[in-house]
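J.: So that we are looking at the same thing, I have put the structure below in structure tokens.
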Amino acid sequence: MSAQTLSLPPHGVLDPATAPPLRWGVISPGSIAEQFTATMHRATASRVVAVASRSQDRADAFAAKHGIEAAFAGPEAMLAAGGLDAVYIASPHAQHHELARPVLEAGVPVLVEKAFTLNESQARDLLDLAQQRGVFAMEAMWARFLPQYGLLRAVISEGLIGEVIQVEADHGQAFPEAPAHRLYAPELGGGALLDLGVYPLSLAQMLLGDLQDPAIRGELTATGVDAFAGVVARGERGGWAVVSTTLRARTANRAVIAGTRGRVVLPSPFYAPGDVEVVLDDGRTASWSHPGDVDDGMAFEIAEAARCITAGESQSALMTWKDTLSVMHTMDAVRSALGVTYPGEAH
Ligand SMILES: NC(=O)c1ccc[n+]([C@@H]2O[C@H](COP(=O)([O-])OP(=O)(O)OC[C@H]3O[C@@H](n4cnc5c(N)ncnc54)[C@H](OP(=O)(O)O)[C@@H]3O)[C@@H](O)[C@H]2O)c1
């Protein structure tokens with residue numbers, strides 16, 4: 001039997017170039033801040049106009065490279081100078097809470113890299129503050145804003161694959177065991193889970209709701225952070241998540257969402273701009289590819305933040321505060337089961 005082509009619904013994601021232009025400040029100009037700034041300047045009307053580093057030299061170098069007006073040795077000076085519509089926090093996870101708090105206290109909208117914080121309690125503290133001040137806050141889970149995730153949501157909400165029974169996703173990368181590397185360092189929030197596992201967990205939470213009563217297995221590195229974590233859990237809206245993450249091997253990095261009438265496959269890497277394949281049990285199939293430059297994937301989260309902030313919204317419907325808290329709650333449960341505790345956390 002030859003496969004019949006299936007027509008897919010629109011992904012519903014707007015062109016990032018059409019989002020309102022905002023004036024951004026960046027805190028912690030490391031590798032992801034580079035990508036964020038370059039993407040913003042290439043693919044959106046927003047501009048980074050200020051940067052804050054722990055070192056004036058690094059702030060100056062970043063500013064010179066990206067044509068940024070102002071460079072500061074520390075976020076306090078940047079916030080005191082004012083004139084910002086939003087701030088992006090790009091430090092390692094362990095510093096997200098302490099760096100985002102003063103931004104919210106200053107009443108400035110904030111976009112915080114994933115994982116949003118080290119744990120649920122820090123996330124709740126930031127989001128309570130955002131609510132009290134009526135200020136926008138969002139986890140920079142960039143995958144959620146990509147057209148392929150929009151298409152995935154549309155395929156499921158139109159019932160094309162039926163009831164979702166299983167969300168299977170893995171994120172593994174091979175990082176040589178180096179105690180000083182941020183992924184192996186407990187003081188920088190190391191481990192596979194918060195850096196890599198957050199992607200499949202966030203995908204499963206988006207599709208199934210809160211993950212309930214997870215079964216958890218894994219093992220630790222010599223530095224005491226998670227080297228491997230596997231999670232099987234039922235979602236509050238039904239269906240099962242089967243998720244794994246590791247620092248020790250480059251896994252397939254694929255997501256397969258299987259329903260009662262067919263499946264959606266997001267081939268490797270499922271969390272970055274790429275392809276979508278839909279295979280229905282009745283023989284119909286469809287393939288779709290990311291419509292723009294795959295290097296500009298972060299533009300979609302930048303645009304979503306700009307639209308929400310300009311509209312006076314304090315959270316995005318695509319990555320709500322409840323979603324962030326739910327994923328942080330699951331990650332706390334995983335770390336508790338595996339015995340991963342970060343400095344400053346209660347044992
Ligand atoms: N969205 C994505 O695709 C993606 C990809 C990679 C990483 N990330 C996330 O982005 C964040 C940063 O990752 P990265 O790979 O960019 O890290 P990185 O390059 O190692 O560090 C980012 C910057 O944070 C500052 N920093 C480092 N250690 C610090 C400390 N102890 N206290 C305060 N600031 C410190 C440094 O800037 P200064 O010293 O100049 O202040 C550093 O350049 C992580 O949360 C990660 O999960 C996201």
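Following the order of the structure tokens, first chain is A, next is B, and so on, with residues numbered from 1 inside each chain and ligands from 1 in the order they appear.
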When you look at segment 172-188 of chain A with a cut-off of 8 Å (counting only C-alpha atoms), what residues show up, excluding the ones that are within fewer than 3 positions of it in the same chain? I need them as an NGL selection string.
T.: :A and (92-95 or 191-192 or 195-197 or 221 or 223-225 or 244-253 or 341-343)
J.: Counting only C-alpha atoms and all ligand atoms, which protein, DNA or RNA residues come within 8 Å of ligand 1, given as a VMD selection string?
T.: chain A and resid 27 to 34 52 to 55 58 to 59 74 89 to 96 113 to 116 140 to 142 181 to 182 187 to 188 194 to 196 298
J.: I need the residues of segment 75-210 of chain A that end up classed as strand (DSSP E) by DSSP on the backbone, written out as a list in words.
T.: Ala86, Val87, Tyr88, Ile89, Val110, Leu111, Val112, Glu113, Ala137, Met138, Glu139, Ala140, Val164, Ile165, Gln166, Val167, Glu168, Ala169, Asp170, His171 and Gly172 of chain A
J.: When you look at Ala19 of chain A with a cut-off of 9 Å (counting only C-alpha atoms), what residues show up, excluding the ones that are within fewer than 5 positions of it in the same chain? I need them as a list in words.
T.: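 Final neighbour list, sorted by chain and number: Leu14, Thr44, Ala45, Ser46, Ile302, Ala303, Glu304, Ala306 and Arg307 of chain A.
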J.: Find the spatial neighbours of segment 255-269 of chain A, counting only C-alpha atoms, within a cut-off of 10 Å - ignore same-chain residues fewer than 3 positions away - and output them as a short mmCIF file (atom, residue, chain, number, x, y, z; two decimals) with all heavy atoms, in the first residue's frame.
T.:
```cif
data_model
loop_
_atom_site.label_atom_id
_atom_site.label_comp_id
_atom_site.auth_asym_id
_atom_site.auth_seq_id
_atom_site.Cartn_x
_atom_site.Cartn_y
_atom_site.Cartn_z
N GLN A 148 8.06 24.16 15.21
CA GLN A 148 7.80 22.71 15.25
C GLN A 148 7.01 22.31 16.49
O GLN A 148 6.21 21.38 16.46
CB GLN A 148 9.09 21.90 15.15
CG GLN A 148 9.92 21.87 16.40
CD GLN A 148 11.39 21.70 16.08
OE1 GLN A 148 11.92 22.30 15.14
NE2 GLN A 148 12.07 20.91 16.86
N TYR A 149 7.24 23.04 17.62
CA TYR A 149 6.44 22.76 18.81
C TYR A 149 5.00 23.28 18.60
O TYR A 149 4.05 22.68 19.09
CB TYR A 149 7.07 23.40 20.05
CG TYR A 149 8.08 22.51 20.77
CD1 TYR A 149 9.08 21.84 20.07
CD2 TYR A 149 8.04 22.35 22.14
CE1 TYR A 149 10.01 21.05 20.72
CE2 TYR A 149 8.97 21.55 22.81
CZ TYR A 149 9.96 20.91 22.09
OH TYR A 149 10.88 20.12 22.75
N LEU A 152 3.39 20.65 16.55
CA LEU A 152 3.11 19.49 17.40
C LEU A 152 1.84 19.73 18.23
O LEU A 152 0.96 18.86 18.30
CB LEU A 152 4.32 19.25 18.33
CG LEU A 152 4.16 18.23 19.44
CD1 LEU A 152 3.90 16.84 18.88
CD2 LEU A 152 5.41 18.21 20.33
N VAL A 155 -1.19 19.54 15.86
CA VAL A 155 -1.50 18.16 15.43
C VAL A 155 -2.24 17.43 16.55
O VAL A 155 -3.22 16.72 16.30
CB VAL A 155 -0.19 17.42 15.06
CG1 VAL A 155 -0.40 15.92 14.97
CG2 VAL A 155 0.37 17.95 13.74
N ILE A 156 -1.78 17.64 17.77
CA ILE A 156 -2.42 16.94 18.90
C ILE A 156 -3.80 17.53 19.19
O ILE A 156 -4.78 16.80 19.37
CB ILE A 156 -1.50 16.97 20.13
CG1 ILE A 156 -0.31 16.04 19.85
CG2 ILE A 156 -2.25 16.54 21.39
CD1 ILE A 156 0.79 16.11 20.84
N GLY A 159 -6.51 16.38 17.11
CA GLY A 159 -6.85 14.97 17.28
C GLY A 159 -6.28 14.05 16.23
O GLY A 159 -6.70 12.89 16.11
N LEU A 160 -5.29 14.54 15.44
CA LEU A 160 -4.77 13.71 14.33
C LEU A 160 -4.18 12.39 14.81
O LEU A 160 -4.35 11.36 14.15
CB LEU A 160 -3.73 14.49 13.52
CG LEU A 160 -4.26 15.60 12.62
CD1 LEU A 160 -3.11 16.28 11.88
CD2 LEU A 160 -5.25 15.05 11.61
N ILE A 161 -3.49 12.41 15.94
CA ILE A 161 -2.89 11.14 16.41
C ILE A 161 -3.73 10.51 17.52
O ILE A 161 -3.31 9.54 18.15
CB ILE A 161 -1.41 11.30 16.86
CG1 ILE A 161 -1.28 12.22 18.08
CG2 ILE A 161 -0.54 11.76 15.70
CD1 ILE A 161 0.08 12.10 18.77
N GLY A 162 -4.91 11.07 17.76
CA GLY A 162 -5.79 10.51 18.79
C GLY A 162 -5.34 10.92 20.19
O GLY A 162 -4.70 11.95 20.38
N GLU A 163 -5.65 10.09 21.14
CA GLU A 163 -5.28 10.35 22.54
C GLU A 163 -3.79 10.05 22.73
O GLU A 163 -3.31 8.99 22.27
CB GLU A 163 -6.13 9.44 23.43
CG GLU A 163 -5.91 9.59 24.90
CD GLU A 163 -6.55 8.44 25.67
OE1 GLU A 163 -7.44 7.75 25.10
OE2 GLU A 163 -6.16 8.22 26.81
N VAL A 164 -3.06 10.96 23.36
CA VAL A 164 -1.63 10.74 23.55
C VAL A 164 -1.42 9.68 24.65
O VAL A 164 -1.93 9.81 25.76
CB VAL A 164 -0.90 12.04 23.92
CG1 VAL A 164 0.58 11.77 24.23
CG2 VAL A 164 -1.01 13.06 22.79
N ILE A 165 -0.70 8.65 24.29
CA ILE A 165 -0.46 7.53 25.22
C ILE A 165 0.95 7.59 25.79
O ILE A 165 1.18 7.27 26.94
CB ILE A 165 -0.66 6.17 24.49
CG1 ILE A 165 -2.11 6.08 23.96
CG2 ILE A 165 -0.31 4.99 25.39
CD1 ILE A 165 -3.17 6.10 25.04
N GLN A 166 1.92 8.01 24.95
CA GLN A 166 3.31 8.00 25.43
C GLN A 166 4.11 9.14 24.81
O GLN A 166 4.03 9.37 23.60
CB GLN A 166 3.97 6.67 25.04
CG GLN A 166 5.46 6.59 25.40
CD GLN A 166 6.05 5.23 25.12
OE1 GLN A 166 5.68 4.25 25.76
NE2 GLN A 166 6.95 5.16 24.16
N VAL A 167 4.86 9.84 25.66
CA VAL A 167 5.83 10.83 25.19
C VAL A 167 7.20 10.28 25.58
O VAL A 167 7.53 10.18 26.76
CB VAL A 167 5.61 12.21 25.85
CG1 VAL A 167 6.69 13.19 25.41
CG2 VAL A 167 4.21 12.74 25.52
N GLU A 168 7.96 9.91 24.55
CA GLU A 168 9.27 9.31 24.80
C GLU A 168 10.31 10.29 24.28
O GLU A 168 10.26 10.68 23.10
CB GLU A 168 9.32 7.99 24.02
CG GLU A 168 10.58 7.22 24.16
CD GLU A 168 10.69 6.14 23.08
OE1 GLU A 168 9.70 5.91 22.33
OE2 GLU A 168 11.76 5.56 22.97
N ALA A 169 11.22 10.73 25.14
CA ALA A 169 12.23 11.70 24.69
C ALA A 169 13.48 11.53 25.54
O ALA A 169 13.40 11.25 26.73
CB ALA A 169 11.69 13.13 24.82
N ASP A 170 14.63 11.73 24.89
CA ASP A 170 15.90 11.63 25.61
C ASP A 170 16.78 12.80 25.22
O ASP A 170 16.68 13.32 24.10
CB ASP A 170 16.62 10.32 25.27
CG ASP A 170 16.96 10.23 23.80
OD1 ASP A 170 16.03 10.02 22.99
OD2 ASP A 170 18.14 10.42 23.44
N HIS A 171 17.63 13.21 26.14
CA HIS A 171 18.64 14.21 25.81
C HIS A 171 19.94 13.80 26.50
O HIS A 171 20.06 13.89 27.72
CB HIS A 171 18.23 15.61 26.26
CG HIS A 171 19.11 16.69 25.72
ND1 HIS A 171 18.85 18.02 25.88
CD2 HIS A 171 20.26 16.62 24.99
CE1 HIS A 171 19.80 18.73 25.29
NE2 HIS A 171 20.66 17.90 24.74
N PRO A 200 13.47 17.22 27.67
CA PRO A 200 12.43 16.20 27.54
C PRO A 200 11.37 16.30 28.63
O PRO A 200 10.18 16.03 28.36
CB PRO A 200 13.19 14.86 27.61
CG PRO A 200 14.55 15.19 28.13
CD PRO A 200 14.83 16.60 27.74
N LEU A 203 9.02 19.06 27.59
CA LEU A 203 8.17 18.60 26.48
C LEU A 203 7.03 17.72 27.02
O LEU A 203 5.86 17.91 26.67
CB LEU A 203 9.01 17.82 25.47
CG LEU A 203 8.21 17.15 24.35
CD1 LEU A 203 7.62 18.19 23.40
CD2 LEU A 203 9.08 16.17 23.57
N ALA A 204 7.39 16.78 27.88
CA ALA A 204 6.37 15.87 28.43
C ALA A 204 5.35 16.66 29.26
O ALA A 204 4.14 16.41 29.17
CB ALA A 204 7.04 14.79 29.28
N LEU A 207 2.83 18.46 27.09
CA LEU A 207 1.84 17.62 26.41
C LEU A 207 0.92 16.87 27.37
O LEU A 207 -0.23 16.58 27.03
CB LEU A 207 2.56 16.61 25.50
CG LEU A 207 3.37 17.24 24.37
CD1 LEU A 207 4.17 16.18 23.63
CD2 LEU A 207 2.46 18.00 23.40
N GLY A 239 -1.72 9.67 29.74
CA GLY A 239 -0.51 9.40 28.97
C GLY A 239 0.71 9.26 29.87
O GLY A 239 0.71 9.70 31.02
N TRP A 240 1.74 8.64 29.33
CA TRP A 240 2.96 8.35 30.08
C TRP A 240 4.16 9.06 29.47
O TRP A 240 4.32 9.08 28.25
CB TRP A 240 3.22 6.85 30.10
CG TRP A 240 2.26 6.13 30.98
CD1 TRP A 240 1.02 5.68 30.65
CD2 TRP A 240 2.45 5.81 32.36
NE1 TRP A 240 0.42 5.09 31.75
CE2 TRP A 240 1.28 5.15 32.81
CE3 TRP A 240 3.50 6.00 33.26
CZ2 TRP A 240 1.13 4.69 34.12
CZ3 TRP A 240 3.35 5.55 34.56
CH2 TRP A 240 2.17 4.91 34.99
N ALA A 241 5.01 9.59 30.35
CA ALA A 241 6.30 10.15 29.93
C ALA A 241 7.37 9.10 30.18
O ALA A 241 7.40 8.49 31.25
CB ALA A 241 6.61 11.40 30.74
N VAL A 242 8.23 8.90 29.18
CA VAL A 242 9.39 8.02 29.32
C VAL A 242 10.59 8.87 28.89
O VAL A 242 10.79 9.12 27.70
CB VAL A 242 9.26 6.75 28.44
CG1 VAL A 242 10.47 5.85 28.63
CG2 VAL A 242 7.97 6.01 28.74
N VAL A 243 11.35 9.32 29.87
CA VAL A 243 12.34 10.37 29.63
C VAL A 243 13.69 9.95 30.20
O VAL A 243 13.73 9.36 31.27
CB VAL A 243 11.84 11.68 30.32
CG1 VAL A 243 12.95 12.68 30.51
CG2 VAL A 243 10.69 12.30 29.53
N THR A 251 23.04 10.59 22.95
CA THR A 251 21.93 9.69 22.63
C THR A 251 21.24 10.16 21.36
O THR A 251 21.67 11.14 20.73
CB THR A 251 20.94 9.63 23.81
OG1 THR A 251 20.41 10.93 24.02
CG2 THR A 251 21.61 9.15 25.09
N ALA A 252 20.14 9.52 20.99
CA ALA A 252 19.46 9.88 19.74
C ALA A 252 18.88 11.28 19.79
O ALA A 252 18.68 11.93 18.77
CB ALA A 252 18.36 8.87 19.44
N ALA A 272 15.63 21.57 18.94
CA ALA A 272 16.21 22.64 18.11
C ALA A 272 15.47 22.67 16.77
O ALA A 272 14.85 21.68 16.39
CB ALA A 272 17.69 22.36 17.89
N PRO A 273 15.53 23.80 16.05
CA PRO A 273 14.79 23.87 14.79
C PRO A 273 15.13 22.68 13.88
O PRO A 273 16.31 22.39 13.66
CB PRO A 273 15.29 25.18 14.15
CG PRO A 273 15.73 26.00 15.31
CD PRO A 273 16.28 25.03 16.34
N GLY A 274 14.11 21.99 13.39
CA GLY A 274 14.35 20.79 12.58
C GLY A 274 13.09 20.32 11.90
O GLY A 274 12.26 21.14 11.49
N ASP A 275 12.94 19.00 11.83
CA ASP A 275 11.84 18.41 11.08
C ASP A 275 10.76 17.86 12.02
O ASP A 275 11.01 17.63 13.20
CB ASP A 275 12.35 17.24 10.22
CG ASP A 275 13.41 17.71 9.23
OD1 ASP A 275 13.44 18.91 8.90
OD2 ASP A 275 14.21 16.85 8.80
N VAL A 276 9.60 17.64 11.43
CA VAL A 276 8.50 16.95 12.12
C VAL A 276 7.97 15.89 11.16
O VAL A 276 7.73 16.19 9.99
CB VAL A 276 7.36 17.93 12.50
CG1 VAL A 276 6.19 17.18 13.14
CG2 VAL A 276 7.87 19.03 13.43
N GLU A 277 7.80 14.68 11.67
CA GLU A 277 7.20 13.62 10.85
C GLU A 277 5.94 13.14 11.55
O GLU A 277 5.95 12.91 12.77
CB GLU A 277 8.17 12.43 10.71
CG GLU A 277 9.42 12.77 9.93
CD GLU A 277 10.58 11.84 10.25
OE1 GLU A 277 10.35 10.79 10.89
OE2 GLU A 277 11.71 12.19 9.87
N VAL A 278 4.86 13.02 10.78
CA VAL A 278 3.60 12.51 11.34
C VAL A 278 3.26 11.22 10.58
O VAL A 278 3.26 11.20 9.35
CB VAL A 278 2.46 13.54 11.19
CG1 VAL A 278 1.18 13.02 11.85
CG2 VAL A 278 2.86 14.88 11.81
N VAL A 279 3.02 10.16 11.33
CA VAL A 279 2.70 8.85 10.73
C VAL A 279 1.41 8.36 11.38
O VAL A 279 1.38 8.11 12.59
CB VAL A 279 3.84 7.84 11.01
CG1 VAL A 279 3.52 6.49 10.37
CG2 VAL A 279 5.18 8.36 10.52
N LEU A 280 0.35 8.27 10.58
CA LEU A 280 -0.93 7.80 11.13
C LEU A 280 -1.11 6.31 10.89
O LEU A 280 -0.57 5.75 9.91
CB LEU A 280 -2.09 8.59 10.51
CG LEU A 280 -2.08 10.11 10.72
CD1 LEU A 280 -3.42 10.72 10.30
CD2 LEU A 280 -1.75 10.47 12.17
N ASP A 281 -1.87 5.68 11.76
CA ASP A 281 -2.09 4.23 11.65
C ASP A 281 -2.87 3.87 10.39
O ASP A 281 -2.81 2.72 9.93
CB ASP A 281 -2.84 3.71 12.89
CG ASP A 281 -2.01 3.85 14.16
OD1 ASP A 281 -0.80 4.17 14.04
OD2 ASP A 281 -2.55 3.67 15.26
N ASP A 282 -3.59 4.86 9.80
CA ASP A 282 -4.35 4.56 8.57
C ASP A 282 -3.48 4.66 7.31
O ASP A 282 -3.98 4.55 6.19
CB ASP A 282 -5.58 5.48 8.45
CG ASP A 282 -5.20 6.96 8.27
OD1 ASP A 282 -4.01 7.25 8.04
OD2 ASP A 282 -6.09 7.81 8.36
N GLY A 283 -2.18 4.88 7.50
CA GLY A 283 -1.25 4.89 6.36
C GLY A 283 -0.87 6.27 5.88
O GLY A 283 0.08 6.43 5.11
N ARG A 284 -1.59 7.30 6.33
CA ARG A 284 -1.24 8.65 5.88
C ARG A 284 0.00 9.15 6.62
O ARG A 284 0.18 8.87 7.81
CB ARG A 284 -2.41 9.61 6.11
CG ARG A 284 -3.57 9.39 5.15
CD ARG A 284 -4.70 10.35 5.42
NE ARG A 284 -5.30 10.14 6.72
CZ ARG A 284 -5.99 11.06 7.38
NH1 ARG A 284 -6.17 12.26 6.86
NH2 ARG A 284 -6.52 10.78 8.56
N THR A 285 0.83 9.92 5.92
CA THR A 285 2.06 10.46 6.53
C THR A 285 2.26 11.90 6.08
O THR A 285 1.71 12.33 5.05
CB THR A 285 3.31 9.66 6.09
OG1 THR A 285 3.46 9.80 4.68
CG2 THR A 285 3.22 8.20 6.48
N ALA A 286 3.05 12.63 6.84
CA ALA A 286 3.43 14.00 6.45
C ALA A 286 4.80 14.31 7.01
O ALA A 286 5.16 13.84 8.10
CB ALA A 286 2.40 15.00 6.98
N SER A 287 5.55 15.12 6.27
CA SER A 287 6.85 15.60 6.74
C SER A 287 6.87 17.11 6.63
O SER A 287 6.30 17.68 5.68
CB SER A 287 7.99 15.05 5.89
OG SER A 287 8.07 13.68 6.06
#
```
J.: Residues within 10 Å of Glu219 of chain A, please, as a list in words. Count only C-alpha atoms; anything in the same chain fewer than 3 positions from it doesn't count.
T.: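 The contact residues come out as Ala222, Gly224, Val225, Asp226, Ala227, Phe228, Ala229, Gly230, Thr246, Leu338, Gly339 and Val340 of chain A.
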J.: Using the selection just defined, write its residues with C-alpha atoms as a PDB file, in the first residue's frame.
T.:
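The file below, part_28.pdb, is the result:
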```pdb
ATOM      1  CA  ALA A 222      32.332  11.298  41.057  1.00  0.00           C
ATOM      2  CA  GLY A 224      28.012  13.939  43.114  1.00  0.00           C
ATOM      3  CA  VAL A 225      25.778  15.241  40.328  1.00  0.00           C
ATOM      4  CA  ASP A 226      23.559  13.110  38.084  1.00  0.00           C
ATOM      5  CA  ALA A 227      25.364  11.384  35.207  1.00  0.00           C
ATOM      6  CA  PHE A 228      22.225   9.529  34.117  1.00  0.00           C
ATOM      7  CA  ALA A 229      18.580   9.913  35.064  1.00  0.00           C
ATOM      8  CA  GLY A 230      15.591   7.966  33.778  1.00  0.00           C
ATOM      9  CA  THR A 246      22.884  11.657  30.484  1.00  0.00           C
ATOM     10  CA  LEU A 338      19.162  10.073  43.165  1.00  0.00           C
ATOM     11  CA  GLY A 339      20.709  11.924  46.130  1.00  0.00           C
ATOM     12  CA  VAL A 340      21.864  15.079  44.334  1.00  0.00           C
TER      13      VAL A 340
END
```
J.: So that I can check the surroundings of Leu151 of chain A, please list as a list in words every protein, DNA and RNA residue that reaches within 10 Å of it, counting only C-alpha atoms and ignoring chain neighbours fewer than 6 positions away.
T.: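 Near neighbours after the sequence-gap exclusion: Leu8, Pro9, Pro10, His11, Gly12, Val13, Ser157, Val276 and Trp288 of chain A.
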J.: As a VMD selection string, please: the residues near Asp210 of chain A (cut-off 12 Å, only C-alpha atoms, same-chain neighbours under 2 positions excluded).
T.: chain A and resid 201 to 208 212 to 214 233 to 241 322 to 331
J.: Output the selection as a PDB file, in the first residue's frame - C-alpha atoms for each residue.
T.:
```
ATOM      1  CA  LEU A 201      10.747  16.840  30.909  1.00  0.00           C
ATOM      2  CA  SER A 202       9.437  20.195  29.717  1.00  0.00           C
ATOM      3  CA  LEU A 203       8.168  18.602  26.479  1.00  0.00           C
ATOM      4  CA  ALA A 204       6.372  15.874  28.431  1.00  0.00           C
ATOM      5  CA  GLN A 205       4.897  18.422  30.862  1.00  0.00           C
ATOM      6  CA  MET A 206       3.679  20.577  27.954  1.00  0.00           C
ATOM      7  CA  LEU A 207       1.842  17.615  26.411  1.00  0.00           C
ATOM      8  CA  LEU A 208       0.672  15.643  29.464  1.00  0.00           C
ATOM      9  CA  GLN A 212       2.751  12.372  38.756  1.00  0.00           C
ATOM     10  CA  ASP A 213       4.443   9.887  41.084  1.00  0.00           C
ATOM     11  CA  PRO A 214       7.547   9.408  38.895  1.00  0.00           C
ATOM     12  CA  ALA A 233       5.608   9.026  35.014  1.00  0.00           C
ATOM     13  CA  ARG A 234       1.921   9.416  34.238  1.00  0.00           C
ATOM     14  CA  GLY A 235       0.751  12.895  33.216  1.00  0.00           C
ATOM     15  CA  GLU A 236      -2.159  14.584  34.982  1.00  0.00           C
ATOM     16  CA  ARG A 237      -4.040  14.731  31.652  1.00  0.00           C
ATOM     17  CA  GLY A 238      -3.273  11.049  30.962  1.00  0.00           C
ATOM     18  CA  GLY A 239      -0.506   9.397  28.966  1.00  0.00           C
ATOM     19  CA  TRP A 240       2.959   8.354  30.083  1.00  0.00           C
ATOM     20  CA  ALA A 241       6.300  10.149  29.934  1.00  0.00           C
ATOM     21  CA  LYS A 322       2.771  26.875  36.481  1.00  0.00           C
ATOM     22  CA  ASP A 323       4.699  25.007  33.761  1.00  0.00           C
ATOM     23  CA  THR A 324       8.051  26.164  35.125  1.00  0.00           C
ATOM     24  CA  LEU A 325       7.076  25.234  38.703  1.00  0.00           C
ATOM     25  CA  SER A 326       5.800  21.840  37.538  1.00  0.00           C
ATOM     26  CA  VAL A 327       9.069  20.984  35.756  1.00  0.00           C
ATOM     27  CA  MET A 328      11.139  22.254  38.713  1.00  0.00           C
ATOM     28  CA  HIS A 329       8.990  20.095  41.025  1.00  0.00           C
ATOM     29  CA  THR A 330       9.749  16.989  38.950  1.00  0.00           C
ATOM     30  CA  MET A 331      13.463  17.806  38.826  1.00  0.00           C
TER      31      MET A 331
END
```
J.: What's the separation between atom CA of Ser314 of chain A and atom CA of Gln131 of chain A, in Å to one decimal place?
T.: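 Computing it gives 7.6 Å between the two atoms.
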J.: Among segment 155-326 of chain A, which ones does DSSP place in helix (DSSP H, G or I), written as a ChimeraX atom specification?
T.: /A:155-157,186-188,192-208,294-296,299-310,321-326
J.: From the set A:Ala63, A:Val334, A:Val294, A:Met138, which residue has the shortest atom-to-atom contact distance to Val232 of chain A, counting only C-alpha atoms?
T.: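 Going through A:Ala63, A:Val334, A:Val294, A:Met138 one by one, the smallest distance to Val232 of chain A is for A:Val334.
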J.: For atom CA of Arg335 of chain A and atom CA of Ala215 of chain A, determine how far apart the two atoms are, in Å to one decimal place.
T.: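 Spanning atom CA of Arg335 of chain A to atom CA of Ala215 of chain A is a straight-line distance of 12.2 Å.
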J.: Which value, in Å to one decimal, gives the distance between atom CA of Ala86 of chain A and atom CA of Gly25 of chain A?
T.: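 Separation of atom CA of Ala86 of chain A and atom CA of Gly25 of chain A: 6.4 Å.
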